[in-house]
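Raw run-v2.pdb, PDB, C-alpha atoms:
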ATOM      1  CA  MET B 193      57.877-166.120  78.912
ATOM      2  CA  LYS B 194      56.094-163.446  80.893
ATOM      3  CA  THR B 195      59.145-163.059  83.127
ATOM      4  CA  PHE B 196      61.416-162.363  80.147
ATOM      5  CA  ALA B 197      58.916-159.882  78.718
ATOM      6  CA  VAL B 198      58.796-157.989  82.004
ATOM      7  CA  LYS B 199      62.596-157.896  82.214
ATOM      8  CA  TYR B 200      62.914-156.531  78.683
ATOM      9  CA  LEU B 201      60.243-153.915  79.408
ATOM     10  CA  VAL B 202      62.006-152.701  82.537
ATOM     11  CA  LEU B 203      65.355-152.625  80.739
ATOM     12  CA  GLY B 204      63.846-150.609  77.878
ATOM     13  CA  ILE B 205      62.353-148.045  80.228
ATOM     14  CA  ALA B 206      65.707-147.662  82.032
ATOM     15  CA  VAL B 207      67.554-147.116  78.761
ATOM     16  CA  LEU B 208      64.963-144.557  77.693
ATOM     17  CA  LEU B 209      65.202-142.660  80.980
ATOM     18  CA  PHE B 210      69.009-142.665  80.850
ATOM     19  CA  SER B 211      68.922-141.373  77.281
ATOM     20  CA  CYS B 212      66.543-138.545  78.209
ATOM     21  CA  LYS B 213      68.667-137.637  81.227
ATOM     22  CA  GLY B 214      71.776-137.480  79.051
ATOM     23  CA  LYS B 215      70.038-135.184  76.587
ATOM     24  CA  ASP B 216      68.815-132.908  79.382
ATOM     25  CA  LYS B 217      72.321-132.732  80.840
ATOM     26  CA  ALA B 218      73.804-131.848  77.449
ATOM     27  CA  ALA B 219      71.140-129.168  76.936
ATOM     28  CA  ASP B 220      71.817-127.747  80.414
ATOM     29  CA  ASP B 221      75.546-127.615  79.686
ATOM     30  CA  GLU B 222      74.883-125.818  76.423
ATOM     31  CA  ASP B 223      72.582-123.298  78.165
ATOM     32  CA  ALA B 224      75.197-122.685  80.858
ATOM     33  CA  LYS B 225      77.827-122.102  78.204
ATOM     34  CA  VAL B 226      75.625-119.547  76.403
ATOM     35  CA  ALA B 227      74.655-117.870  79.696
ATOM     36  CA  SER B 228      78.341-117.357  80.598
ATOM     37  CA  GLN B 229      78.897-115.226  77.485
ATOM     38  CA  THR B 230      78.687-111.445  78.084
ATOM     39  CA  PRO B 231      76.760-109.519  75.405
ATOM     40  CA  VAL B 232      78.998-106.821  73.891
ATOM     41  CA  THR B 233      79.210-104.456  70.953
ATOM     42  CA  VAL B 234      82.438-103.962  69.024
ATOM     43  CA  THR B 235      84.183-101.264  67.001
ATOM     44  CA  THR B 236      87.357-100.817  64.965
ATOM     45  CA  VAL B 237      90.119 -98.201  64.953
ATOM     46  CA  ASN B 238      89.759 -95.103  62.754
ATOM     47  CA  ASP B 239      92.213 -92.681  61.197
ATOM     48  CA  SER B 240      91.201 -89.340  62.728
ATOM     49  CA  THR B 241      92.276 -85.723  62.947
ATOM     50  CA  LEU B 242      92.581 -84.986  66.657
ATOM     51  CA  VAL B 243      93.182 -81.632  68.334
ATOM     52  CA  ASP B 244      93.987 -81.175  72.023
ATOM     53  CA  TYR B 245      92.631 -77.889  73.418
ATOM     54  CA  ILE B 246      93.117 -75.768  76.510
ATOM     55  CA  ASP B 247      90.053 -73.733  77.538
ATOM     56  CA  LEU B 248      90.737 -70.549  79.518
ATOM     57  CA  SER B 249      88.743 -67.485  80.582
ATOM     58  CA  ALA B 250      89.154 -64.088  78.937
ATOM     59  CA  THR B 251      87.511 -60.836  80.063
ATOM     60  CA  SER B 252      86.725 -57.915  77.758
ATOM     61  CA  THR B 253      88.299 -54.642  78.812
ATOM     62  CA  ILE B 254      89.337 -51.187  77.611
ATOM     63  CA  LEU B 255      93.072 -50.665  77.969
ATOM     64  CA  GLN B 256      93.070 -46.919  77.282
ATOM     65  CA  LYS B 257      90.849 -44.657  79.404
ATOM     66  CA  ASN B 258      91.044 -40.870  79.416
ATOM     67  CA  TYR B 259      90.003 -38.955  82.527
ATOM     68  CA  VAL B 260      88.227 -35.635  82.013
ATOM     69  CA  LYS B 261      89.151 -33.289  84.882
ATOM     70  CA  ALA B 262      88.086 -29.856  86.041
ATOM     71  CA  ASN B 263      90.508 -27.049  85.144
ATOM     72  CA  ALA B 264      89.352 -24.604  87.832
ATOM     73  CA  ASN B 265      87.423 -24.335  91.077
ATOM     74  CA  GLY B 266      83.826 -23.541  90.297
ATOM     75  CA  TYR B 267      80.353 -24.665  89.344
ATOM     76  CA  ILE B 268      79.442 -26.833  86.351
ATOM     77  CA  GLU B 269      77.301 -24.645  84.126
ATOM     78  CA  LEU B 270      76.972 -27.091  81.222
ATOM     79  CA  ALA B 271      77.202 -30.893  81.180
ATOM     80  CA  ASN B 272      76.975 -31.870  77.531
ATOM     81  CA  VAL B 273      77.382 -35.659  77.967
ATOM     82  CA  LYS B 274      75.533 -38.733  79.210
ATOM     83  CA  PRO B 275      76.794 -42.192  80.250
ATOM     84  CA  GLY B 276      77.376 -44.391  77.202
ATOM     85  CA  GLN B 277      77.414 -41.444  74.804
ATOM     86  CA  ASN B 278      79.986 -41.457  71.997
ATOM     87  CA  VAL B 279      82.150 -38.356  71.850
ATOM     88  CA  SER B 280      84.711 -37.067  69.366
ATOM     89  CA  LYS B 281      88.098 -35.539  69.995
ATOM     90  CA  GLY B 282      87.709 -31.782  70.611
ATOM     91  CA  GLN B 283      83.980 -32.006  71.413
ATOM     92  CA  LEU B 284      82.762 -29.666  74.165
ATOM     93  CA  LEU B 285      81.887 -31.696  77.260
ATOM     94  CA  PHE B 286      81.608 -29.282  80.197
ATOM     95  CA  THR B 287      81.742 -25.613  81.014
ATOM     96  CA  ILE B 288      82.766 -24.452  84.494
ATOM     97  CA  LYS B 289      82.032 -21.021  85.916
ATOM     98  CA  THR B 290      84.611 -20.080  88.510
ATOM     99  CA  LYS B 291      83.409 -19.276  92.000
ATOM    100  CA  GLU B 292      84.817 -15.747  91.630
ATOM    101  CA  ALA B 293      82.736 -15.167  88.500
ATOM    102  CA  GLN B 294      79.735 -16.678  90.276
ATOM    103  CA  SER B 295      80.204 -14.176  93.111
ATOM    104  CA  ILE B 296      81.052 -11.068  91.074
ATOM    105  CA  GLY B 297      78.624 -11.747  88.269
ATOM    106  CA  ASN B 298      78.654  -9.085  85.526
ATOM    107  CA  SER B 299      79.809  -6.264  87.827
ATOM    108  CA  ILE B 300      83.181  -5.988  86.079
ATOM    109  CA  ASN B 301      81.611  -5.849  82.613
ATOM    110  CA  VAL B 302      79.299  -3.086  83.790
ATOM    111  CA  LEU B 303      82.257  -1.082  85.021
ATOM    112  CA  ASP B 304      84.346  -1.740  81.906
ATOM    113  CA  THR B 305      82.605  -3.050  78.785
ATOM    114  CA  THR B 306      85.920  -3.721  77.036
ATOM    115  CA  PHE B 307      87.025  -6.228  79.677
ATOM    116  CA  LYS B 308      84.599  -8.960  78.548
ATOM    117  CA  PHE B 309      85.066 -11.098  81.632
ATOM    118  CA  SER B 310      82.866 -14.242  81.814
ATOM    119  CA  GLY B 311      84.751 -16.601  84.139
ATOM    120  CA  ILE B 312      83.606 -19.555  81.985
ATOM    121  CA  ASN B 313      86.117 -22.376  81.327
ATOM    122  CA  LYS B 314      85.473 -24.877  78.560
ATOM    123  CA  ILE B 315      86.497 -28.525  78.860
ATOM    124  CA  LYS B 316      86.779 -30.564  75.659
ATOM    125  CA  ALA B 317      87.394 -34.248  74.919
ATOM    126  CA  SER B 318      91.063 -35.070  74.521
ATOM    127  CA  GLU B 319      90.318 -38.311  72.617
ATOM    128  CA  SER B 320      87.405 -40.015  70.873
ATOM    129  CA  GLY B 321      85.487 -42.770  72.648
ATOM    130  CA  TYR B 322      82.423 -43.228  74.797
ATOM    131  CA  ILE B 323      81.546 -41.960  78.260
ATOM    132  CA  SER B 324      81.990 -44.968  80.549
ATOM    133  CA  GLN B 325      81.716 -42.986  83.777
ATOM    134  CA  LEU B 326      80.106 -39.645  84.641
ATOM    135  CA  SER B 327      80.866 -38.224  88.087
ATOM    136  CA  HIS B 328      79.196 -34.795  88.053
ATOM    137  CA  GLN B 329      76.157 -33.031  86.610
ATOM    138  CA  LYS B 330      75.125 -29.457  85.972
ATOM    139  CA  GLY B 331      75.208 -27.284  89.101
ATOM    140  CA  ASP B 332      77.804 -29.368  90.997
ATOM    141  CA  TYR B 333      80.702 -27.568  92.612
ATOM    142  CA  VAL B 334      84.057 -29.090  91.646
ATOM    143  CA  ALA B 335      87.655 -28.470  92.646
ATOM    144  CA  ASP B 336      90.511 -27.943  90.247
ATOM    145  CA  GLY B 337      91.775 -31.347  89.019
ATOM    146  CA  GLU B 338      88.680 -33.281  90.139
ATOM    147  CA  ALA B 339      87.537 -36.083  87.781
ATOM    148  CA  LEU B 340      84.345 -35.246  85.894
ATOM    149  CA  ALA B 341      84.059 -38.193  83.499
ATOM    150  CA  VAL B 342      85.948 -41.083  81.926
ATOM    151  CA  ILE B 343      86.252 -41.554  78.155
ATOM    152  CA  SER B 344      86.921 -45.157  77.095
ATOM    153  CA  ASP B 345      88.809 -45.489  73.830
ATOM    154  CA  ARG B 346      87.068 -48.183  71.744
ATOM    155  CA  SER B 347      90.180 -48.667  69.619
ATOM    156  CA  SER B 348      91.871 -50.135  72.701
ATOM    157  CA  PHE B 349      89.123 -52.727  73.280
ATOM    158  CA  VAL B 350      90.635 -56.200  73.914
ATOM    159  CA  PHE B 351      90.062 -59.440  75.766
ATOM    160  CA  LEU B 352      92.477 -60.121  78.596
ATOM    161  CA  MET B 353      93.131 -63.859  78.963
ATOM    162  CA  GLN B 354      94.594 -65.257  82.186
ATOM    163  CA  LEU B 355      97.196 -67.847  81.154
ATOM    164  CA  PRO B 356      98.748 -70.208  83.748
ATOM    165  CA  TYR B 357     102.463 -69.598  83.405
ATOM    166  CA  GLU B 358     103.264 -73.310  82.976
ATOM    167  CA  LEU B 359     101.258 -73.184  79.716
ATOM    168  CA  ARG B 360     103.211 -70.199  78.353
ATOM    169  CA  GLN B 361     104.896 -72.398  75.717
ATOM    170  CA  TYR B 362     101.577 -72.948  73.926
ATOM    171  CA  VAL B 363     100.849 -69.240  73.281
ATOM    172  CA  LYS B 364     102.911 -67.155  70.863
ATOM    173  CA  MET B 365     102.782 -63.569  69.575
ATOM    174  CA  GLY B 366     100.471 -63.263  66.571
ATOM    175  CA  GLN B 367      98.742 -66.588  67.330
ATOM    176  CA  ASN B 368      95.051 -66.867  66.467
ATOM    177  CA  VAL B 369      92.739 -67.666  69.385
ATOM    178  CA  ASP B 370      89.045 -68.536  69.087
ATOM    179  CA  LEU B 371      86.741 -66.864  71.608
ATOM    180  CA  THR B 372      83.267 -68.150  72.480
ATOM    181  CA  LEU B 373      80.966 -65.503  73.952
ATOM    182  CA  PRO B 374      78.035 -66.261  76.277
ATOM    183  CA  GLY B 375      75.252 -67.488  74.016
ATOM    184  CA  GLY B 376      77.616 -69.373  71.712
ATOM    185  CA  THR B 377      78.774 -66.578  69.382
ATOM    186  CA  LYS B 378      82.329 -67.211  68.167
ATOM    187  CA  VAL B 379      84.812 -64.391  67.609
ATOM    188  CA  GLY B 380      88.352 -64.586  66.255
ATOM    189  CA  SER B 381      91.217 -62.837  68.030
ATOM    190  CA  THR B 382      94.986 -62.421  67.815
ATOM    191  CA  VAL B 383      97.623 -62.396  70.560
ATOM    192  CA  THR B 384      99.115 -58.881  70.529
ATOM    193  CA  SER B 385     101.055 -58.664  73.798
ATOM    194  CA  PHE B 386     101.809 -60.200  77.187
ATOM    195  CA  MET B 387     101.442 -58.358  80.465
ATOM    196  CA  PRO B 388     104.830 -57.897  82.162
ATOM    197  CA  THR B 389     103.648 -59.212  85.556
ATOM    198  CA  VAL B 390     102.261 -62.467  86.936
ATOM    199  CA  ASP B 391      99.498 -62.746  89.532
ATOM    200  CA  THR B 392     101.147 -63.628  92.848
ATOM    201  CA  VAL B 393      98.472 -66.053  94.041
ATOM    202  CA  ALA B 394      97.149 -67.629  90.828
ATOM    203  CA  GLN B 395     100.493 -67.530  88.967
ATOM    204  CA  THR B 396      98.736 -66.471  85.772
ATOM    205  CA  GLN B 397      99.944 -64.001  83.170
ATOM    206  CA  GLY B 398      97.628 -61.648  81.314
ATOM    207  CA  VAL B 399      97.571 -62.114  77.536
ATOM    208  CA  VAL B 400      96.089 -59.348  75.373
ATOM    209  CA  LEU B 401      93.790 -60.636  72.617
ATOM    210  CA  LYS B 402      92.759 -58.157  69.923
ATOM    211  CA  VAL B 403      89.363 -59.154  68.529
ATOM    212  CA  ASN B 404      88.841 -59.341  64.762
ATOM    213  CA  THR B 405      85.262 -58.085  64.588
ATOM    214  CA  ALA B 406      83.319 -54.843  64.306
ATOM    215  CA  GLN B 407      80.679 -56.201  66.694
ATOM    216  CA  GLN B 408      80.064 -53.959  69.691
ATOM    217  CA  ILE B 409      81.015 -56.114  72.678
ATOM    218  CA  PRO B 410      80.407 -54.726  76.198
ATOM    219  CA  GLU B 411      83.192 -54.368  78.722
ATOM    220  CA  ASN B 412      83.693 -56.987  81.486
ATOM    221  CA  LEU B 413      82.167 -59.802  79.390
ATOM    222  CA  ILE B 414      83.719 -63.199  80.166
ATOM    223  CA  ALA B 415      84.422 -65.399  77.130
ATOM    224  CA  LYS B 416      85.997 -68.831  76.716
ATOM    225  CA  ALA B 417      89.347 -68.779  74.935
ATOM    226  CA  ARG B 418      90.445 -72.005  73.234
ATOM    227  CA  ILE B 419      94.180 -72.621  72.817
ATOM    228  CA  VAL B 420      95.429 -75.406  70.543
ATOM    229  CA  LYS B 421      97.870 -77.483  72.609
ATOM    230  CA  SER B 422      98.619 -80.127  69.970
ATOM    231  CA  ALA B 423      97.095 -81.496  66.769
ATOM    232  CA  LYS B 424      97.565 -84.631  64.658
ATOM    233  CA  THR B 425      96.105 -85.788  61.365
ATOM    234  CA  ASN B 426      95.476 -89.380  60.232
ATOM    235  CA  THR B 427      96.228 -90.835  63.650
ATOM    236  CA  VAL B 428      94.767 -94.072  65.033
ATOM    237  CA  SER B 429      91.954 -93.507  67.537
ATOM    238  CA  LEU B 430      89.220 -95.345  69.428
ATOM    239  CA  PRO B 431      86.032 -94.185  71.151
ATOM    240  CA  LYS B 432      86.557 -93.153  74.751
ATOM    241  CA  ALA B 433      84.129 -95.873  75.905
ATOM    242  CA  ALA B 434      86.399 -98.600  74.500
ATOM    243  CA  ILE B 435      89.268 -97.747  76.854
ATOM    244  CA  LEU B 436      89.302 -98.979  80.459
ATOM    245  CA  ALA B 437      91.551 -97.836  83.315
ATOM    246  CA  ASN B 438      92.494 -98.716  86.868
ATOM    247  CA  GLU B 439      91.388 -96.641  89.860
ATOM    248  CA  THR B 440      94.500 -94.450  89.814
ATOM    249  CA  GLN B 441      94.293 -93.815  86.058
ATOM    250  CA  THR B 442      97.842 -95.109  85.581
ATOM    251  CA  GLU B 443      97.095 -98.188  83.478
ATOM    252  CA  PHE B 444      94.866 -98.361  80.409
ATOM    253  CA  TRP B 445      93.655-101.290  78.314
ATOM    254  CA  VAL B 446      91.072-102.466  75.792
ATOM    255  CA  MET B 447      89.295-105.781  75.302
ATOM    256  CA  LYS B 448      90.233-107.164  71.881
ATOM    257  CA  LEU B 449      88.476-110.104  70.220
ATOM    258  CA  ILE B 450      90.787-112.960  69.216
ATOM    259  CA  ASN B 451      87.827-114.970  67.901
ATOM    260  CA  PRO B 452      84.055-114.361  67.679
ATOM    261  CA  THR B 453      83.484-115.433  71.322
ATOM    262  CA  THR B 454      86.707-114.560  73.191
ATOM    263  CA  ALA B 455      88.059-111.151  74.267
ATOM    264  CA  VAL B 456      91.500-110.623  75.780
ATOM    265  CA  LYS B 457      92.952-107.713  77.728
ATOM    266  CA  VAL B 458      95.435-105.614  75.714
ATOM    267  CA  PRO B 459      97.328-102.752  77.465
ATOM    268  CA  VAL B 460      97.380 -99.492  75.477
ATOM    269  CA  LYS B 461      99.192 -96.169  75.628
ATOM    270  CA  GLU B 462      97.009 -93.076  75.155
ATOM    271  CA  GLY B 463      97.784 -89.926  73.193
ATOM    272  CA  ILE B 464      95.576 -86.917  72.422
ATOM    273  CA  HIS B 465      92.065 -86.730  73.907
ATOM    274  CA  SER B 466      89.633 -84.928  71.608
ATOM    275  CA  GLY B 467      85.890 -85.053  72.224
ATOM    276  CA  ASP B 468      84.826 -88.703  72.438
ATOM    277  CA  ARG B 469      87.952 -89.994  70.635
ATOM    278  CA  ILE B 470      91.329 -90.965  72.114
ATOM    279  CA  GLU B 471      94.552 -91.456  70.174
ATOM    280  CA  ILE B 472      96.199 -94.894  70.558
ATOM    281  CA  LEU B 473      99.995 -94.644  70.493
ATOM    282  CA  SER B 474     100.609 -98.356  71.070
ATOM    283  CA  PRO B 475     100.139-101.164  70.252
ATOM    284  CA  SER B 476      99.488-101.023  66.513
ATOM    285  CA  PHE B 477      95.941-102.128  65.748
ATOM    286  CA  THR B 478      94.679-102.917  62.263
ATOM    287  CA  LYS B 479      91.289-101.992  60.869
ATOM    288  CA  GLN B 480      90.350-105.675  60.995
ATOM    289  CA  ASP B 481      90.820-105.843  64.789
ATOM    290  CA  LYS B 482      87.556-105.817  66.726
ATOM    291  CA  ILE B 483      87.576-103.880  70.017
ATOM    292  CA  VAL B 484      84.800-104.163  72.608
ATOM    293  CA  VAL B 485      83.124-100.771  73.034
ATOM    294  CA  SER B 486      80.189-101.602  75.338
ATOM    295  CA  GLY B 487      79.753-104.383  77.874
ATOM    296  CA  ASN B 488      83.505-104.287  78.498
ATOM    297  CA  TYR B 489      83.407-102.951  82.064
ATOM    298  CA  GLY B 490      84.496-105.591  84.578
ATOM    299  CA  LEU B 491      85.423-108.194  81.958
ATOM    300  CA  PRO B 492      88.337-110.433  83.007
ATOM    301  CA  ASP B 493      91.192-111.343  80.720
ATOM    302  CA  THR B 494      90.160-114.008  78.178
ATOM    303  CA  ALA B 495      86.448-113.408  78.700
ATOM    304  CA  LYS B 496      83.684-115.210  76.863
ATOM    305  CA  VAL B 497      81.537-112.726  74.957
ATOM    306  CA  LYS B 498      78.643-112.655  72.539
ATOM    307  CA  ILE B 499      78.566-109.955  69.879
ATOM    308  CA  ILE B 500      75.228-108.167  69.555
ATOM    309  CA  GLU B 501      74.111-105.412  67.215
ATOM    310  CA  PRO B 502      74.422-101.898  68.696
TER     311      PRO B 502
END
Let me see the file written as structure tokens.
Amino acid sequence: MKTFAVKYLVLGIAVLLFSCKGKDKAADDEDAKVASQTPVTVTTVNDSTLVDYIDLSATSTILQKNYVKANANGYIELANVKPGQNVSKGQLLFTIKTKEAQSIGNSINVLDTTFKFSGINKIKASESGYISQLSHQKGDYVADGEALAVISDRSSFVFLMQLPYELRQYVKMGQNVDLTLPGGTKVGSTVTSFMPTVDTVAQTQGVVLKVNTAQQIPENLIAKARIVKSAKTNTVSLPKAAILANETQTEFWVMKLINPTTAVKVPVKEGIHSGDRIEILSPSFTKQDKIVVSGNYGLPDTAKVKIIEP
């Protein structure tokens, strides 16, 4: 009787151990299955308005500059201007006393009071503007035809944009161009003309942009000009992070969920890039499709995933 009792006891312990081992194995398999799932976040396609831009540099400049020149050999007796000063057309800028008058003085007038010889030549502004360059001051000796100052005509103030010639098709006469000045100030402008030559080395063509503002902008300021290359409304797009590519950037794909735990590789064709959104030309996704947006890097085709809250 004792022998049978011992046998049944041993058999019971064996069954119990086997049962526990089976449960542990099942639990381990379940843990391994969960551990093999990659945590990801998902998104869906949106209907967006996307604009593709070209950013170029544009430099402020004065197209029309008038050179004030001496009209005789002599000494500057009056310099009525300073750098940066605004002048009006016809305003007196300089007076020059000829070297002959400087030498003779008033001797002729003493001999003949009716002669009224002064030897003073007046030089006036031919156009309105501001003095952008001043070459001589009072007392300087100048030769006939020598430059005394430069008057910059503010009405000819423009931005000159350097446009790569291959992008010429995207810029038309009368087109509006947004300019962003250093500091973030935005100024509107209009394309008014194209320079007739192209830079030999850079192969860029100068485009004249007339600014639509009364703001006083200094010369030689570099702004960013934004050209609209293409634009689409109500087009399907995804976040940039959702799209993966090969090393040569020739193939693109997304990881699409076919069920709550499985993501498959789906090749896509890109369209417009705008900010952090990219247009999807093909295939056609629906708003119910779930696309992996994070945790997708390095995932193989038909990967096991686990959706987590972003």
- Task: Apply the PyMOL selection byres ((chain B and resi 365) around 8) to the displayed file and report the matching residues as a list of chain:residue names.
- Result: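 Evaluating the PyMOL selection byres ((chain B and resi 365) around 8) on these coordinates yields B:Val363, B:Lys364, B:Gly366, B:Gln367, B:Val383, B:Thr384, B:Ser385.
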- Task: Please evaluate the PyMOL selection byres ((chain B and resi 258) around 12) against the displayed coordinates and give the resulting residues as a list in words.
- Result: Ile254, Leu255, Gln256, Lys257, Tyr259, Val260, Lys261, Val279, Lys281, Lys316, Ala317, Ser318, Glu319, Ser320, Gly321, Tyr322, Ile323, Ser324, Gln325, Ala339, Leu340, Ala341, Val342, Ile343, Ser344, Asp345, Arg346 and Ser348 of chain B
- Task: Evaluate the PyMOL selection byres ((chain B and resi 242) around 12) on the structure here and hand back the selected residues as a ChimeraX atom specification.
- Result: /B:238-241,243-245,420-430,463-472
- Task: Could you check how far atom CA of Pro388 of chain B sits from atom CA of Leu248 of chain B, in Å to one decimal?
- Result: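 We find that atom CA of Pro388 of chain B and atom CA of Leu248 of chain B lie 19.1 Å from each other.
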- Proximity to Asp370 of chain B - best of B:Gln407, B:Ser249, B:Thr236, B:Ser476, all atoms listed in the file: B:Ser249
- Using all atoms listed in the file, find all polymer residues with an atom at most 9 Å away from the point (93.8, -68.2, 76.0); report them as a ChimeraX atom specification. /B:246-250,352-355,363,369-371,383,399,401,416-419
- Give me, please, the distance in Å between atom CA of Val497 of chain B and atom CA of Pro459 of chain B, quoted to one decimal. 18.8 Å
- Query: Could you tell me, as a list in words, which residues have any atom at most 10 Å from (91.0, -110.5, 82.0), counting all atoms listed in the file?
  - Reply: Met447, Ala455, Val456, Lys457, Val458, Gly490, Leu491, Pro492, Asp493, Thr494 and Ala495 of chain B
- Task: Would you mind telling me which residue in B:Pro231, B:Gly311, B:Gly398, B:Gly266 lies nearest to Val485 of chain B when using all atoms listed in the file?
- Result: B:Pro231
- Straight-line distance linking atom CA of Glu462 of chain B with atom CA of Lys479 of chain B, stated in Å to one decimal: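 Interatomic distance, atom CA of Glu462 of chain B to atom CA of Lys479 of chain B: 17.8 Å.
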Considering all atoms listed in the file, give me a table of residues in segment 386-406 of chain B that are at most 8 Å from segment 374-380 of chain B, with the closest atom pair and distance in Å for each, as a Markdown table.
| residue | atom | partner | partner_atom | distance |
| --- | --- | --- | --- | --- |
| B:Val403 | CA | B:Gly380 | CA | 6.0 |
| B:Asn404 | CA | B:Gly380 | CA | 5.5 |
| B:Thr405 | CA | B:Val379 | CA | 7.0 |
- Query: From the set B:Thr233, B:Tyr357, B:Tyr362, B:Gly276, which residue has the shortest atom-to-atom contact distance to Thr389 of chain B, counting all atoms listed in the file?
  - Reply: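 Closest residue, counting all atoms listed in the file: B:Tyr357.
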- Query: Looking at B:Leu326, B:Ile315, B:Ala434, B:Leu449, which one is nearest to Leu284 of chain B, with distances taken over only C-alpha atoms?
  - Reply: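 Result for the nearest residue to Leu284 of chain B: B:Ile315.
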- Counting all atoms listed in the file, which of B:Glu501, B:Ala271, B:Ser252, B:Val234 gets nearest to Val484 of chain B?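 The answer is B:Val234, which sits nearest to Val484 of chain B.
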